[in-house]
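Novice: My structure is stored as data.pdb, with PDB, C-alpha atoms.
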ATOM      1  CA  MET D  35     178.986  52.598  68.062
ATOM      2  CA  PRO D  36     179.656  55.469  65.655
ATOM      3  CA  THR D  37     182.743  56.327  63.639
ATOM      4  CA  ALA D  38     182.875  59.961  62.538
ATOM      5  CA  TYR D  39     184.367  60.489  59.059
ATOM      6  CA  ILE D  40     185.879  63.963  58.852
ATOM      7  CA  THR D  41     188.089  65.609  56.232
ATOM      8  CA  ALA D  42     190.333  68.567  57.064
ATOM      9  CA  PRO D  43     193.240  70.519  55.568
ATOM     10  CA  PRO D  44     196.651  69.020  56.444
ATOM     11  CA  ASP D  45     197.633  71.915  58.737
ATOM     12  CA  ALA D  46     194.465  71.574  60.857
ATOM     13  CA  ALA D  47     194.018  67.793  60.991
ATOM     14  CA  GLY D  48     196.541  66.970  63.726
ATOM     15  CA  ASP D  49     195.094  69.564  66.103
ATOM     16  CA  ILE D  50     191.544  68.333  65.544
ATOM     17  CA  ALA D  51     192.605  64.720  66.204
ATOM     18  CA  ARG D  52     194.473  65.548  69.413
ATOM     19  CA  THR D  53     191.763  67.867  70.730
ATOM     20  CA  LEU D  54     189.051  65.224  70.300
ATOM     21  CA  VAL D  55     191.069  62.702  72.311
ATOM     22  CA  ASP D  56     192.349  65.257  74.880
ATOM     23  CA  GLU D  57     188.770  66.369  75.573
ATOM     24  CA  ARG D  58     187.445  62.793  75.705
ATOM     25  CA  LEU D  59     185.133  63.256  72.731
ATOM     26  CA  ALA D  60     186.809  60.338  70.956
ATOM     27  CA  ALA D  61     188.705  57.332  72.318
ATOM     28  CA  CYS D  62     190.989  57.325  69.285
ATOM     29  CA  VAL D  63     191.353  59.017  65.929
ATOM     30  CA  ASN D  64     193.049  57.376  62.927
ATOM     31  CA  ARG D  65     194.138  59.860  60.255
ATOM     32  CA  PHE D  66     195.822  59.670  56.837
ATOM     33  CA  GLU D  67     196.396  61.880  53.806
ATOM     34  CA  CYS D  68     194.219  61.857  50.688
ATOM     35  CA  ASP D  69     193.694  63.753  47.448
ATOM     36  CA  SER D  70     190.248  65.295  47.150
ATOM     37  CA  VAL D  71     188.412  66.288  43.986
ATOM     38  CA  TYR D  72     185.274  68.327  44.603
ATOM     39  CA  ARG D  73     182.884  70.825  43.053
ATOM     40  CA  TRP D  74     182.680  74.246  44.687
ATOM     41  CA  GLU D  75     180.896  77.325  43.316
ATOM     42  CA  GLY D  76     180.578  75.717  39.908
ATOM     43  CA  ASP D  77     184.228  74.711  39.484
ATOM     44  CA  VAL D  78     186.050  71.449  40.057
ATOM     45  CA  HIS D  79     188.985  71.669  42.481
ATOM     46  CA  GLU D  80     191.683  69.230  43.585
ATOM     47  CA  GLU D  81     193.364  69.526  46.973
ATOM     48  CA  ALA D  82     195.434  67.566  49.490
ATOM     49  CA  GLU D  83     193.392  66.806  52.620
ATOM     50  CA  VAL D  84     193.475  64.483  55.604
ATOM     51  CA  ILE D  85     190.775  61.953  56.501
ATOM     52  CA  LEU D  86     190.099  61.526  60.231
ATOM     53  CA  LEU D  87     188.190  58.509  61.560
ATOM     54  CA  ALA D  88     187.129  59.274  65.121
ATOM     55  CA  LYS D  89     185.938  56.373  67.283
ATOM     56  CA  THR D  90     183.366  57.517  69.814
ATOM     57  CA  THR D  91     180.032  56.603  71.462
ATOM     58  CA  ASP D  92     176.369  57.473  70.827
ATOM     59  CA  GLU D  93     176.459  59.744  73.846
ATOM     60  CA  ARG D  94     179.525  61.717  72.768
ATOM     61  CA  TYR D  95     178.755  61.967  69.041
ATOM     62  CA  PRO D  96     176.760  65.240  69.178
ATOM     63  CA  GLU D  97     179.456  67.019  71.230
ATOM     64  CA  LEU D  98     182.141  65.669  68.927
ATOM     65  CA  THR D  99     180.497  67.153  65.829
ATOM     66  CA  GLU D 100     180.018  70.520  67.551
ATOM     67  CA  ARG D 101     183.667  70.577  68.560
ATOM     68  CA  VAL D 102     184.831  69.683  65.057
ATOM     69  CA  GLU D 103     182.678  72.496  63.656
ATOM     70  CA  SER D 104     184.235  74.963  66.102
ATOM     71  CA  LEU D 105     187.803  73.861  65.269
ATOM     72  CA  HIS D 106     187.401  73.401  61.520
ATOM     73  CA  PRO D 107     188.558  76.127  59.094
ATOM     74  CA  TYR D 108     185.871  75.334  56.466
ATOM     75  CA  ASP D 109     182.332  76.746  56.442
ATOM     76  CA  VAL D 110     180.968  73.428  55.164
ATOM     77  CA  PRO D 111     183.107  70.662  56.665
ATOM     78  CA  CYS D 112     182.611  67.018  55.783
ATOM     79  CA  ILE D 113     181.366  65.363  58.999
ATOM     80  CA  GLU D 114     179.603  62.042  58.466
ATOM     81  CA  ARG D 115     178.483  59.304  60.822
ATOM     82  CA  PHE D 116     178.974  55.620  60.029
ATOM     83  CA  GLU D 117     177.444  53.085  62.375
ATOM     84  CA  GLU D 118     179.393  49.968  63.231
ATOM     85  CA  ALA D 119     177.219  46.865  62.981
ATOM     86  CA  ASP D 120     179.392  45.135  65.571
ATOM     87  CA  LEU D 121     182.766  45.422  67.274
ATOM     88  CA  LEU D 122     185.009  43.413  69.562
ATOM     89  CA  ASP D 123     183.393  43.627  73.035
ATOM     90  CA  ARG D 124     186.481  44.644  74.952
ATOM     91  CA  PHE D 125     187.372  47.244  72.334
ATOM     92  CA  GLY D 126     183.880  48.723  72.833
ATOM     93  CA  ASP D 127     184.336  48.689  76.610
ATOM     94  CA  TRP D 128     187.658  50.496  76.297
ATOM     95  CA  ARG D 129     186.099  53.066  73.969
ATOM     96  CA  ALA D 130     183.217  53.778  76.333
ATOM     97  CA  GLY D 131     185.627  54.141  79.249
ATOM     98  CA  ALA D 132     188.013  56.374  77.339
ATOM     99  CA  VAL D 133     185.331  58.973  76.600
ATOM    100  CA  GLY D 134     182.995  58.471  79.532
ATOM    101  CA  SER D 135     184.903  59.146  82.682
ATOM    102  CA  ASP D 136     187.672  61.180  84.271
ATOM    103  CA  GLU D 137     189.190  58.025  85.716
ATOM    104  CA  PRO D 138     192.217  56.541  83.992
ATOM    105  CA  VAL D 139     191.242  53.740  81.606
TER     106      VAL D 139
ATOM    107  CA  MET Y  48     178.333  41.773  53.164
ATOM    108  CA  PRO Y  49     180.681  42.871  55.941
ATOM    109  CA  THR Y  50     183.926  44.828  55.820
ATOM    110  CA  ALA Y  51     186.098  44.360  58.911
ATOM    111  CA  TYR Y  52     187.972  47.510  60.000
ATOM    112  CA  ILE Y  53     191.134  46.510  61.859
ATOM    113  CA  THR Y  54     194.123  48.542  63.031
ATOM    114  CA  ALA Y  55     197.523  46.949  63.675
ATOM    115  CA  PRO Y  56     201.144  47.959  64.230
ATOM    116  CA  PRO Y  57     203.103  48.323  60.950
ATOM    117  CA  ASP Y  58     205.265  45.242  61.600
ATOM    118  CA  ALA Y  59     202.219  42.977  62.096
ATOM    119  CA  ALA Y  60     199.802  44.323  59.493
ATOM    120  CA  GLY Y  61     201.193  42.597  56.398
ATOM    121  CA  ASP Y  62     201.149  39.177  58.043
ATOM    122  CA  ILE Y  63     197.578  39.618  59.243
ATOM    123  CA  ALA Y  64     196.459  40.666  55.748
ATOM    124  CA  ARG Y  65     198.160  37.745  53.996
ATOM    125  CA  THR Y  66     197.008  35.188  56.561
ATOM    126  CA  LEU Y  67     193.357  36.209  56.225
ATOM    127  CA  VAL Y  68     193.492  35.753  52.440
ATOM    128  CA  ASP Y  69     195.683  32.616  52.555
ATOM    129  CA  GLU Y  70     193.230  30.970  54.955
ATOM    130  CA  ARG Y  71     190.167  32.097  52.957
ATOM    131  CA  LEU Y  72     188.776  34.202  55.785
ATOM    132  CA  ALA Y  73     188.778  37.255  53.519
ATOM    133  CA  ALA Y  74     188.622  37.572  49.730
ATOM    134  CA  CYS Y  75     190.817  40.662  49.830
ATOM    135  CA  VAL Y  76     192.359  43.047  52.315
ATOM    136  CA  ASN Y  77     193.185  46.685  51.505
ATOM    137  CA  ARG Y  78     195.676  48.259  53.893
ATOM    138  CA  PHE Y  79     197.319  51.671  54.342
ATOM    139  CA  GLU Y  80     199.287  53.579  56.959
ATOM    140  CA  CYS Y  81     197.774  56.032  59.413
ATOM    141  CA  ASP Y  82     198.656  58.101  62.482
ATOM    142  CA  SER Y  83     196.641  57.177  65.548
ATOM    143  CA  VAL Y  84     195.944  59.329  68.595
ATOM    144  CA  TYR Y  85     194.365  57.441  71.483
ATOM    145  CA  ARG Y  86     193.861  57.420  75.224
ATOM    146  CA  TRP Y  87     195.381  54.526  77.163
ATOM    147  CA  GLU Y  88     195.675  54.210  80.944
ATOM    148  CA  GLY Y  89     194.870  57.879  81.390
ATOM    149  CA  ASP Y  90     197.430  59.269  78.927
ATOM    150  CA  VAL Y  91     197.141  60.364  75.304
ATOM    151  CA  HIS Y  92     199.479  58.570  72.909
ATOM    152  CA  GLU Y  93     200.311  59.001  69.237
ATOM    153  CA  GLU Y  94     201.544  56.103  67.117
ATOM    154  CA  ALA Y  95     201.982  54.977  63.506
ATOM    155  CA  GLU Y  96     199.561  52.158  62.680
ATOM    156  CA  VAL Y  97     198.090  50.431  59.645
ATOM    157  CA  ILE Y  98     194.376  50.222  58.808
ATOM    158  CA  LEU Y  99     193.207  46.946  57.263
ATOM    159  CA  LEU Y 100     189.871  46.673  55.467
ATOM    160  CA  ALA Y 101     189.040  42.986  55.064
ATOM    161  CA  LYS Y 102     186.273  42.039  52.630
ATOM    162  CA  THR Y 103     184.483  38.891  53.728
ATOM    163  CA  THR Y 104     181.058  37.261  54.098
ATOM    164  CA  ASP Y 105     178.509  36.883  56.930
ATOM    165  CA  GLU Y 106     179.518  33.260  57.269
ATOM    166  CA  ARG Y 107     183.252  33.913  57.575
ATOM    167  CA  TYR Y 108     183.112  37.037  59.745
ATOM    168  CA  PRO Y 109     183.180  35.260  63.144
ATOM    169  CA  GLU Y 110     186.199  33.116  62.165
ATOM    170  CA  LEU Y 111     187.945  36.160  60.757
ATOM    171  CA  THR Y 112     187.662  38.077  64.027
ATOM    172  CA  GLU Y 113     188.909  35.074  66.026
ATOM    173  CA  ARG Y 114     191.894  34.728  63.722
ATOM    174  CA  VAL Y 115     192.724  38.426  63.957
ATOM    175  CA  GLU Y 116     192.590  38.191  67.767
ATOM    176  CA  SER Y 117     194.980  35.234  67.716
ATOM    177  CA  LEU Y 118     197.455  37.005  65.380
ATOM    178  CA  HIS Y 119     197.241  40.488  66.861
ATOM    179  CA  PRO Y 120     199.908  41.737  69.292
ATOM    180  CA  TYR Y 121     197.482  44.004  71.250
ATOM    181  CA  ASP Y 122     195.296  42.893  74.160
ATOM    182  CA  VAL Y 123     192.483  45.156  72.972
ATOM    183  CA  PRO Y 124     192.642  45.286  69.175
ATOM    184  CA  CYS Y 125     190.334  47.498  67.125
ATOM    185  CA  ILE Y 126     188.093  45.090  65.190
ATOM    186  CA  GLU Y 127     184.885  46.632  63.887
ATOM    187  CA  ARG Y 128     182.236  45.463  61.453
ATOM    188  CA  PHE Y 129     180.752  47.764  58.822
ATOM    189  CA  GLU Y 130     177.879  46.445  56.742
ATOM    190  CA  GLU Y 131     177.743  47.259  53.064
ATOM    191  CA  ALA Y 132     174.281  48.413  52.021
ATOM    192  CA  ASP Y 133     174.913  47.137  48.505
ATOM    193  CA  LEU Y 134     177.722  46.034  46.221
ATOM    194  CA  LEU Y 135     178.312  45.150  42.584
ATOM    195  CA  ASP Y 136     176.721  41.690  42.096
ATOM    196  CA  ARG Y 137     179.670  40.032  40.410
ATOM    197  CA  PHE Y 138     182.066  41.470  42.986
ATOM    198  CA  GLY Y 139     179.896  39.861  45.686
ATOM    199  CA  ASP Y 140     179.890  36.556  43.811
ATOM    200  CA  TRP Y 141     183.674  36.626  43.530
ATOM    201  CA  ARG Y 142     183.970  37.428  47.229
ATOM    202  CA  ALA Y 143     181.725  34.548  48.258
ATOM    203  CA  GLY Y 144     183.643  32.158  46.013
ATOM    204  CA  ALA Y 145     187.033  33.336  47.243
ATOM    205  CA  VAL Y 146     186.245  32.514  50.876
ATOM    206  CA  GLY Y 147     183.711  29.733  50.467
ATOM    207  CA  SER Y 148     185.401  26.865  48.727
ATOM    208  CA  ASP Y 149     188.679  25.031  48.210
ATOM    209  CA  GLU Y 150     188.172  25.161  44.448
ATOM    210  CA  PRO Y 151     190.127  27.776  42.519
ATOM    211  CA  VAL Y 152     188.049  30.905  41.903
TER     212      VAL Y 152
ATOM    213  CA  MET N 103     173.419  59.489  51.894
ATOM    214  CA  PRO N 104     175.697  56.918  50.266
ATOM    215  CA  THR N 105     179.478  56.742  50.073
ATOM    216  CA  ALA N 106     180.751  54.503  47.261
ATOM    217  CA  TYR N 107     183.908  52.553  48.137
ATOM    218  CA  ILE N 108     185.842  51.781  44.955
ATOM    219  CA  THR N 109     189.322  50.384  44.384
ATOM    220  CA  ALA N 110     191.242  50.989  41.161
ATOM    221  CA  PRO N 111     194.768  50.655  39.764
ATOM    222  CA  PRO N 112     196.923  53.753  40.404
ATOM    223  CA  ASP N 113     197.007  54.785  36.733
ATOM    224  CA  ALA N 114     193.190  54.768  36.432
ATOM    225  CA  ALA N 115     192.136  56.186  39.819
ATOM    226  CA  GLY N 116     192.679  59.900  39.144
ATOM    227  CA  ASP N 117     190.637  59.807  35.937
ATOM    228  CA  ILE N 118     187.770  57.981  37.615
ATOM    229  CA  ALA N 119     187.729  60.512  40.479
ATOM    230  CA  ARG N 120     187.750  63.548  38.191
ATOM    231  CA  THR N 121     185.163  62.106  35.803
ATOM    232  CA  LEU N 122     182.688  61.410  38.613
ATOM    233  CA  VAL N 123     182.925  65.007  39.825
ATOM    234  CA  ASP N 124     183.058  66.548  36.321
ATOM    235  CA  GLU N 125     179.876  64.673  35.361
ATOM    236  CA  ARG N 126     178.108  65.522  38.647
ATOM    237  CA  LEU N 127     177.813  61.896  39.717
ATOM    238  CA  ALA N 128     179.683  62.678  42.943
ATOM    239  CA  ALA N 129     180.087  65.936  44.877
ATOM    240  CA  CYS N 130     183.582  64.933  45.964
ATOM    241  CA  VAL N 131     185.924  61.971  45.840
ATOM    242  CA  ASN N 132     188.650  61.338  48.442
ATOM    243  CA  ARG N 133     191.364  58.957  47.266
ATOM    244  CA  PHE N 134     194.532  57.417  48.728
ATOM    245  CA  GLU N 135     196.962  54.590  47.994
ATOM    246  CA  CYS N 136     196.761  51.133  49.543
ATOM    247  CA  ASP N 137     198.318  47.684  49.294
ATOM    248  CA  SER N 138     195.841  44.980  48.352
ATOM    249  CA  VAL N 139     196.116  41.255  48.999
ATOM    250  CA  TYR N 140     193.496  39.175  47.200
ATOM    251  CA  ARG N 141     192.701  35.740  45.837
ATOM    252  CA  TRP N 142     192.223  35.425  42.085
ATOM    253  CA  GLU N 143     191.938  32.213  40.089
ATOM    254  CA  GLY N 144     193.204  30.193  43.021
ATOM    255  CA  ASP N 145     196.331  32.240  43.757
ATOM    256  CA  VAL N 146     197.017  34.992  46.261
ATOM    257  CA  HIS N 147     198.235  38.258  44.736
ATOM    258  CA  GLU N 148     199.540  41.505  46.188
ATOM    259  CA  GLU N 149     199.203  44.794  44.329
ATOM    260  CA  ALA N 150     199.311  48.576  44.800
ATOM    261  CA  GLU N 151     195.848  50.084  44.361
ATOM    262  CA  VAL N 152     193.978  53.281  45.153
ATOM    263  CA  ILE N 153     190.842  53.522  47.305
ATOM    264  CA  LEU N 154     188.255  56.062  46.160
ATOM    265  CA  LEU N 155     185.487  57.251  48.478
ATOM    266  CA  ALA N 156     182.848  58.991  46.369
ATOM    267  CA  LYS N 157     180.252  61.126  48.160
ATOM    268  CA  THR N 158     176.958  61.136  46.299
ATOM    269  CA  THR N 159     173.160  60.943  46.738
ATOM    270  CA  ASP N 160     170.558  58.136  46.582
ATOM    271  CA  GLU N 161     169.416  59.472  43.244
ATOM    272  CA  ARG N 162     172.857  59.533  41.630
ATOM    273  CA  TYR N 163     174.220  56.282  43.073
ATOM    274  CA  PRO N 164     173.008  53.955  40.264
ATOM    275  CA  GLU N 165     174.468  56.202  37.522
ATOM    276  CA  LEU N 166     177.708  56.503  39.472
ATOM    277  CA  THR N 167     178.193  52.731  39.632
ATOM    278  CA  GLU N 168     177.420  52.361  35.897
ATOM    279  CA  ARG N 169     179.950  55.050  35.068
ATOM    280  CA  VAL N 170     182.622  53.459  37.263
ATOM    281  CA  GLU N 171     182.015  50.116  35.539
ATOM    282  CA  SER N 172     182.431  51.750  32.122
ATOM    283  CA  LEU N 173     185.668  53.509  33.129
ATOM    284  CA  HIS N 174     187.229  50.710  35.178
ATOM    285  CA  PRO N 175     189.894  48.438  33.661
ATOM    286  CA  TYR N 176     188.902  45.378  35.762
ATOM    287  CA  ASP N 177     186.184  42.873  34.851
ATOM    288  CA  VAL N 178     185.172  42.558  38.506
ATOM    289  CA  PRO N 179     185.740  45.948  40.137
ATOM    290  CA  CYS N 180     185.197  46.528  43.847
ATOM    291  CA  ILE N 181     182.215  48.888  44.071
ATOM    292  CA  GLU N 182     180.485  48.915  47.451
ATOM    293  CA  ARG N 183     177.870  51.154  49.012
ATOM    294  CA  PHE N 184     178.117  52.346  52.607
ATOM    295  CA  GLU N 185     175.200  54.288  54.033
ATOM    296  CA  GLU N 186     175.878  57.242  56.292
ATOM    297  CA  ALA N 187     173.697  57.151  59.390
ATOM    298  CA  ASP N 188     173.882  60.939  59.634
ATOM    299  CA  LEU N 189     175.853  63.889  58.316
ATOM    300  CA  LEU N 190     176.212  67.604  58.924
ATOM    301  CA  ASP N 191     173.083  69.207  57.409
ATOM    302  CA  ARG N 192     174.828  71.867  55.379
ATOM    303  CA  PHE N 193     177.349  69.342  54.075
ATOM    304  CA  GLY N 194     174.409  67.222  52.865
ATOM    305  CA  ASP N 195     172.812  70.276  51.232
ATOM    306  CA  TRP N 196     176.036  71.093  49.431
ATOM    307  CA  ARG N 197     176.360  67.497  48.264
ATOM    308  CA  ALA N 198     172.824  67.389  46.886
ATOM    309  CA  GLY N 199     173.368  70.691  45.087
ATOM    310  CA  ALA N 200     176.719  69.644  43.645
ATOM    311  CA  VAL N 201     175.279  66.605  41.896
ATOM    312  CA  GLY N 202     171.703  67.685  41.325
ATOM    313  CA  SER N 203     171.714  70.693  39.099
ATOM    314  CA  ASP N 204     173.476  72.439  36.238
ATOM    315  CA  GLU N 205     173.515  75.679  38.232
ATOM    316  CA  PRO N 206     176.727  76.659  39.972
ATOM    317  CA  VAL N 207     176.705  75.602  43.639
TER     318      VAL N 207
END
Have the structure of the file written as structure tokens, please.
Specialist:
Amino acid sequence: MPTAYITAPPDAAGDIARTLVDERLAACVNRFECDSVYRWEGDVHEEAEVILLAKTTDERYPELTERVESLHPYDVPCIERFEEADLLDRFGDWRAGAVGSDEPV
Amino acid sequence: MPTAYITAPPDAAGDIARTLVDERLAACVNRFECDSVYRWEGDVHEEAEVILLAKTTDERYPELTERVESLHPYDVPCIERFEEADLLDRFGDWRAGAVGSDEPV
Amino acid sequence: MPTAYITAPPDAAGDIARTLVDERLAACVNRFECDSVYRWEGDVHEEAEVILLAKTTDERYPELTERVESLHPYDVPCIERFEEADLLDRFGDWRAGAVGSDEPV
């Protein structure tokens, strides 16, 4: 199952996390602050950002990235997919249920 | 070699980390706080948690996950496996030694 | 594209991050503090460290690891490679440009 690695400015990160879970595009999102150094238009910048790790399914991943793009204030947001090689079975079942159905899970 | 991605409540995370290293199920565990948004029984919750990244070997991974399940206060803990595509050779050697033998490494 | 996972002592982490971006070995580096538990020479230690996640390309990855080794105060630094299964196209383009050329990007 995929984990989406997303970075966002601190004032946008909480909304992105909650929206993904509210709209059942992710079963959970873990987020934490970081310092980012990056090159943009020839110069090196340093900025406070937030890393979001969104736990989702193969099926929901494309919608999740589209939604992040629509919510994100940057033109070129960092959205990366990391594939889990394995996970605890019942955690995977919960994840699939949490994004796959309108029934309570 | 595998990295286990585990989330735990703040009051359990330190014990899990130390136990995994004490019992040679991981060579090291890096941990840090996060905010988690997740769906549970139909509702969206937000909670402070800790992310643990446990560095281990193929051989030890199954025992590590069993031990985390036995220590973890949740019924459905997040335990995921991410496979490293490569790593510094001598760091891999240290890791194998740190979990593979009762000799000091 | 690869993400390098590196840990470093707090007083060395900022320099490593900035050097990698200054020298175009990474397009960006996200870093944050962690607590590390590890086994070294038979004993279990606990220490504050910093995790660096350096976003680079296949081509630059070998130079990046050599540079981290040269800058890092540890004999056995944690340098691991995680492969992204996918990423936003224009984020990948930016990343390639940021490390691949002397032209402003």
Novice: Please indicate the distance in Å from CA of Asp177 (chain N) to CA of Leu155 (chain N), rounded to one decimal place.
Specialist: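 Distance between the two atoms: 19.8 Å.
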Novice: Identify every residue of chain Y that has at least one atom within 10 Å of any atom of chain D, counting only C-alpha atoms, and report the result as a VMD selection string.
Specialist: chain Y and resid 49 51 to 52 54 79 to 98 112 to 113 116 122 to 131
Novice: Which value, in Å to one decimal, gives the distance between CA of Ile40 (chain D) and CA of His106 (chain D)?
Specialist: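 CA of Ile40 (chain D) sits 9.9 Å away from CA of His106 (chain D).
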Novice: Rounded to one decimal place, report the CA of Leu173 (chain N)-CA of Ala143 (chain Y) distance in Å.
Specialist: 24.6 Å
